[in-house]
Each structure stands twice: as structure tokens, then as C-alpha cells.
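Notes follow the structure.
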Amino acid sequence: PDGPSSGGVAMTVGGMNFQNGATLTVGGVAAGNVKWVSPAMLTATTPALPGVAGAVGVTVTNPDQQKATGKLFSSWLAKLAFAPQVSYAIGYPLSRITAADLNGDGKIDLAVGATTGSGVNTLAILVGNGNGTFQAVSKVVVGAIPRGPVAGDLNKDGVVDLVIPNYGLANMDPGGVAVLVGKGGGLFQAAQTFPAGKPLMGLDLADFNQDGRLDVVATGFLSDEVSVLLGKGDGTFSAATHFALGPGALPYAVAAGDFDGDGKADWAVGESGLARVTVRLGMGNGSFQAAKIYPVGNNPQGVSAAHVTGDGRPELFVANTQDGTISVLLSVNSAFQAAPALVGVAGPRSVAIADFNRDGRPDLATSNSTDNTTGVFLGKGGGAFQAVVLFGAGAQPHTAAAGDFDGNGKPDIAVANSTGNDVSVLLNASQ
């Protein structure tokens with residue numbers, strides 16, 4: 001069971017060859033009221049372990065000094081808490097936010113794009129100081145309405161590059177996949193743009209043809225298609241290959257990953273107009289198998305992939321904005337199976353994934369546009385989650401990103417607020 005570090009929680013330990021009179025320690029501290037039930041079971045109460053969070057070791061010692069060790073008893077979960085948000089003004093409506101070390105100083109920075117109605121042509125950068133604070137915003141010109149960046153090393157020079165889906169402006173700027181090749185020290189070369197679906201809403205990076213170079217998968221919102229651009233390894237890309245979706249699909253977010261465990265990159269896209277997720281499994285040569293379709297909630301605007309069940313394959317987490325739910329699609333062989341949707345969030349638009357309470361199990365953080373909050377679902381393992389805990393953010397949160405902004409080993413949360421025109425930073429205060 002999960003329990004507090006103050007101890008006193010009933011526990012049962014299973015195993016084999018337990019002897020009457022065996023002793024039990026948890027985290028190196030003797031447990032109380034140890035009782036031998038059978039050769040396969042002991043009961044006890046947990047000891048107090050002040051300041052201990054996460055999984056701890058359990059050791060059973062028989063009277064003949066034979067020991068069973070190495071078991072983990074994940075009872076001492078940190079009490080989930082975040083400091084009140086600190087806001088950083090950007091000056092225009094925001095969309096997707098990314099956390100990465102952009103200048104190579106070992107500290108996490110933030111890069112955030114604009115919403116479709118903003119009319120701006122710059123990407124906002126907040127350089128991290130490493131103590132949970134950020135420097136004043138700087139802006140980089142990338143093209144019309146950059147929706148939000150994804151970080152990666154496109155040319156294998158060890159310097160972070162940024163790839164951005166530019167929404168574009170009718171009759172003025174067609175948009176496309178914008179690339180900022182890093183020069184080091186947080187500086188970038190002038191943006192290059194590569195045509196893709198129109199208008200672009202989201203993208204992700206993966207190596208779809210197994211040549212060791214990052215490729216792009218991007219969503220064309222009104223063209224109802226997904227575009228794949230194969231990387232050349234120098235920060236440029238080949239012409240896009242387009243994959244049609246259903247009429248009225250309105251694809252929003254896309255996530256890449258090896259969903260079937262065959263070592264080949266796949267992609268999954270949320271179709272906001274059809275309340276479904278389309279998955280195409282990669283062939284390893286830049287082509288893909290036929291689409292597999294999975295129903296989700298209404299208006300899926302966020303799709304994230306992360307491994308949470310222990311089978312080695314990532315699951316999908318879909319933020320359904322209209323429903324106020326998070327769809328959980330568990331990986332089963334080369335397909336997905338829907339688990340009960342997570343509830344208690346209002347207008348969720350994205351899902352960030354990190355171990356916020358340091359118990360070894362991935363948790364979820366959502367950006368909730370209706371009630372101006374970020375919600376955290378603590379993982380229970382096996383793809384199950386506890387009820388949401390809400391924390392205040394800015395006006396109409398669009399997306400959330402996780403990273404250790406103050407270097408204390410605890411993931412923090414940054415939220416891009418679409419009408420607040422600012423970024424909210426919530427530092428992890430869990431104990």
C-alpha cells in the first residue's frame with residue numbers, strides 16, 4: 001500500500017521460506033508488529049522514515065540469518081505540492097511550450113510559440129538560471145505564427161536545434177516546418193522553412209527511415225493530412241510525403257514513438273474533428289502500415305506518448321478538450337486498448353509526463369483551459385492513476401511542459417497561457 005513517511009501503515013509482505021520469528025526492515029529501519037502468517041507471508045506496520053520519498057528497500061531476515069533482499073516497497077510517496085505559480089510575461093497569446101537546455105549550460109530553458117490568432121512571427125525563449133527562475137524573454141524570428149517548438153539535434157553536432165510548425169498567414173506567409181539550427185550558447189542560424197500540410201498545428205521528431213537522422217511528422221489542420229519530412233542530417237529535409245486522414249479530421253497534435261516494440265518509429269495523431277486517434281506503424285524505411293483508428297473523447301487537442309505499464313512499449317494519453325477527459329490507450333502487442341478515461345479536468349489541451357512524486361511511476365500533468373489550472377494525476381502503476389490534484393495557472397492554459405528548473409531532482413511544471421500572454425512556472429515543493 002501507499003502510505004506516509006510517518007509510518008504506522010499496515011503492510012503485507014509476500015515471498016517464500018519465511019520462518020517464524022523473522023524480522024523485517026523497510027528502508028533499513030525495523031518494522032513494527034512483525035507477525036509470521038505462513039512461509040509465504042508476513043504482516044507488519046511500517047516504521048517512520050522522515051524525509052524519505054519514493055521506493056524503499058525491504059529486507060526479511062530469518063532466525064537462521066538467511067535473508068531475502070532487493071524487494072521494493074513503494075509506500076513513502078512524497079506529498080505532492082507545488083509552489084504558487086510565478087509568471088513570466090511574453091506579450092502575446094501562447095500555444096505549445098518546450099523545456100530543454102537550449103544553450104548548453106546544463107540548465108533547463110523554455111521555448112514557447114504563439115496561438116493562431118496572434119499574428120506574430122517570433123518564438124519566445126526564456127533562459128533558465130538553474131534556480132527555478134528565468135531571465136527576461138528574448139525572441140527569435142521564425143515565420144508566421146510559430147505554434148510551438150520541438151527540440152532535437154538535427155545535424156549531430158551536439159547542439160540543440162528547434163523545429164517549429166508555422167501556422168502561416170493567408171496570402172502572406174504559407175507557413176511550413178521552420179528549422180532553427182543551433183549555433184551554441186543559445187544562438188541560432190536564420191530560420192529555414194520547408195513546405196508541409198496547411199496550416200500546420202503540431203509536429204514531432206523521430207527517425208522514421210532508420211538512417212540515424214531525425215525526421216519530422218507534422219499535422220495539416222485544414223488539409224486533413226499528416227506530413228512526413230525525412231531529414232538529411234544537416235538541418236534540412238526532403239520534400240514532404242502526405243498521408244490523408246478522414247474528411248473533417250482537423251488533426252491537431254501528433255506524437256511519435258515505437259508503439260509496437262519492433263524498433264521502428266510510428267506516429268499517432270489526434271483528429272479533433274472526428275474524436276479519434278489515428279495510428280500508423282512504421283516500416284522502418286519512411287513508409288507506414290495502414291491506419292489503425294481508436295475512438296477517444298471530443299476535440300482531442302493533445303497527444304502524448306510514454307511508457308507506464310512495464311511492457312516496454314509506450315502508451316498514449318489524449319487530452320479531450322470538449323469532454324474534459326484524458327483518454328488512456330494502453331499498448332497491447334501491436335495495438336492499443338482503451339482504459340477508463342481520467343476525469344476531473346476542465347478543457348484539457350495537453351498532457352506532460354514526469355515522475356512528480358519520485359516514486360518510480362510516471363505521472364501526468366495537464367493544462368486545463370477552462371478553469372485556469374494544471375492538473376496532476378499521480379501514477380499507480382500498470383496504467384492506472386489517482387484522482388487529479390489541481391494547481392493554479394494563468395489565463396487559459398494551452399500546454400504544459402515538465403523539467404527540473406531548479407536542479408533539486410524534482411520535476412517542475414511550466415504552462416503556456418494562451419490569453420494570459422505569459423508563462424506560469426510551478427516549482428515542485430513535494431516533500
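Just so we're on the same page: first chain in the C-alpha cells is A, next is B, and so on; residues restart at 1 for each chain, and ligands are numbered from 1 in the order they show up.
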> Skipping near chain neighbours, those fewer than 2 positions away, what residues fall within 12 Å of Leu427 (chain A) using only C-alpha atoms, listed as a PyMOL selection string?
Replying inline: chain A and resi 80-87+130-133+356+391+393+402-415+424-425+429-430
>> List as a PyMOL selection string the protein and nucleic acid residues near region 203-218 of chain A, meaning an atom at most 7 Å away when only C-alpha atoms are counted, but skip any in the same chain fewer than 4 places from it.
In response: chain A and resi 150+154+165+226-233+253-256+264-265+282+284-286
> Of the candidates A:Ala335, A:Ala136, A:Ala190, A:Ala151, which one gets nearest to Ile97 (chain A) if we count only C-alpha atoms?
Replying inline: A:Ala151
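Taking CA of Ala387 (chain A) as the reference point, CA of Gly360 (chain A) is found at 17.9 Å.
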>> With only C-alpha atoms as the counted atoms, please give the residues lying no more than 12 Å from Gly235 (chain A), apart from itself and same-chain residues fewer than 3 positions off, as a PyMOL selection string.
In response: chain A and resi 152-157+159-163+177-183+188-194+213-216+229-232+238
>> Give me, as a count of residues only, all polymer residues having an atom no more than 10 Å from Ala400 (chain A), counting only C-alpha atoms and skipping those fewer than 2 positions away in the same chain.
In response: 27
>> With DSSP run on the backbone, what are the strand (DSSP E or B) residues within region 138-349 of chain A? I'd like them as a ChimeraX atom specification.
In response: /A:138-141,146,150-152,161-166,169,173,176-180,182-184,187-188,192-194,200-206,215-220,225-229,231,237,241-244,251-257,266-271,276-280,282,288,292-295,300-306,315-320,325-332,335-342,348-349
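Between CA of Asn33 (chain A) and CA of Phe18 (chain A) there is a distance of 15.7 Å.
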> Counting only C-alpha atoms, which of A:Val140, A:Leu169, A:Ala319, A:Leu390 gets nearest to Leu378 (chain A)?
Replying inline: A:Leu390
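Contact shell of Val277 (chain A) at 8 Å (only C-alpha atoms; same-chain neighbours under 3 positions omitted): Ala268, Val269, Gly270, Glu271, Ile293, Tyr294, Pro295 and Val296 of chain A.
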For Ser272 (chain A): contacts at 6 Å, only C-alpha atoms, fewer than 3 positions along chain excluded, given as a tab-separated table (two decimals) with N, CA and C atoms, in the first residue's frame:
```
chain	number	residue	atom	x	y	z
A	250	LEU	N	-9.39	17.50	-39.03
A	250	LEU	CA	-8.80	18.62	-38.28
A	250	LEU	C	-7.72	18.12	-37.32
A	251	PRO	N	-6.65	17.52	-37.84
A	251	PRO	CA	-5.61	16.97	-36.97
A	251	PRO	C	-4.90	18.06	-36.19
A	275	ALA	N	-13.03	13.03	-33.22
A	275	ALA	CA	-12.98	12.38	-31.90
A	275	ALA	C	-12.30	11.02	-31.97
A	299	ASN	N	-12.97	16.46	-29.39
A	299	ASN	CA	-11.98	17.51	-29.61
A	299	ASN	C	-10.63	17.18	-28.97
A	300	PRO	N	-10.01	16.08	-29.38
A	300	PRO	CA	-8.68	15.75	-28.84
A	300	PRO	C	-7.63	16.71	-29.37
```
Give me the residues within 7 Å of region 45-47 of chain A as a compact mmCIF listing (two decimals) with N, CA, C and O atoms, in the first residue's frame, counting only C-alpha atoms and dropping any in the same chain fewer than 4 places off.
```
# COMPACT_ATOMS: atom_id res chain seq x y z
N GLY A 7 4.79 6.61 9.05
CA GLY A 7 4.70 5.20 9.43
C GLY A 7 3.36 4.82 10.00
O GLY A 7 2.38 5.56 9.94
N GLY A 8 3.31 3.58 10.56
CA GLY A 8 2.09 3.10 11.18
C GLY A 8 1.07 2.51 10.23
O GLY A 8 -0.07 2.27 10.61
N VAL A 9 1.47 2.26 8.98
CA VAL A 9 0.55 1.70 7.99
C VAL A 9 0.72 0.18 7.95
O VAL A 9 1.83 -0.34 7.91
N ALA A 10 -0.41 -0.53 7.97
CA ALA A 10 -0.36 -1.99 7.89
C ALA A 10 0.21 -2.42 6.55
O ALA A 10 -0.12 -1.87 5.50
N MET A 11 1.07 -3.43 6.58
CA MET A 11 1.68 -3.92 5.34
C MET A 11 1.72 -5.43 5.36
O MET A 11 1.74 -6.08 6.42
N VAL A 29 15.11 0.43 8.40
CA VAL A 29 14.54 0.66 9.72
C VAL A 29 13.60 -0.49 10.06
O VAL A 29 12.82 -0.94 9.21
N ALA A 30 13.68 -0.97 11.31
CA ALA A 30 12.87 -2.11 11.72
C ALA A 30 11.38 -1.78 11.66
O ALA A 30 10.94 -0.74 12.16
N ALA A 31 10.62 -2.67 11.04
CA ALA A 31 9.17 -2.54 11.02
C ALA A 31 8.60 -2.98 12.37
O ALA A 31 9.23 -3.75 13.11
N GLY A 32 7.39 -2.51 12.68
CA GLY A 32 6.75 -2.88 13.94
C GLY A 32 5.75 -4.01 13.77
O GLY A 32 5.24 -4.26 12.67
N ASN A 33 5.48 -4.68 14.89
CA ASN A 33 4.43 -5.71 14.94
C ASN A 33 4.57 -6.76 13.85
O ASN A 33 3.60 -7.17 13.21
```
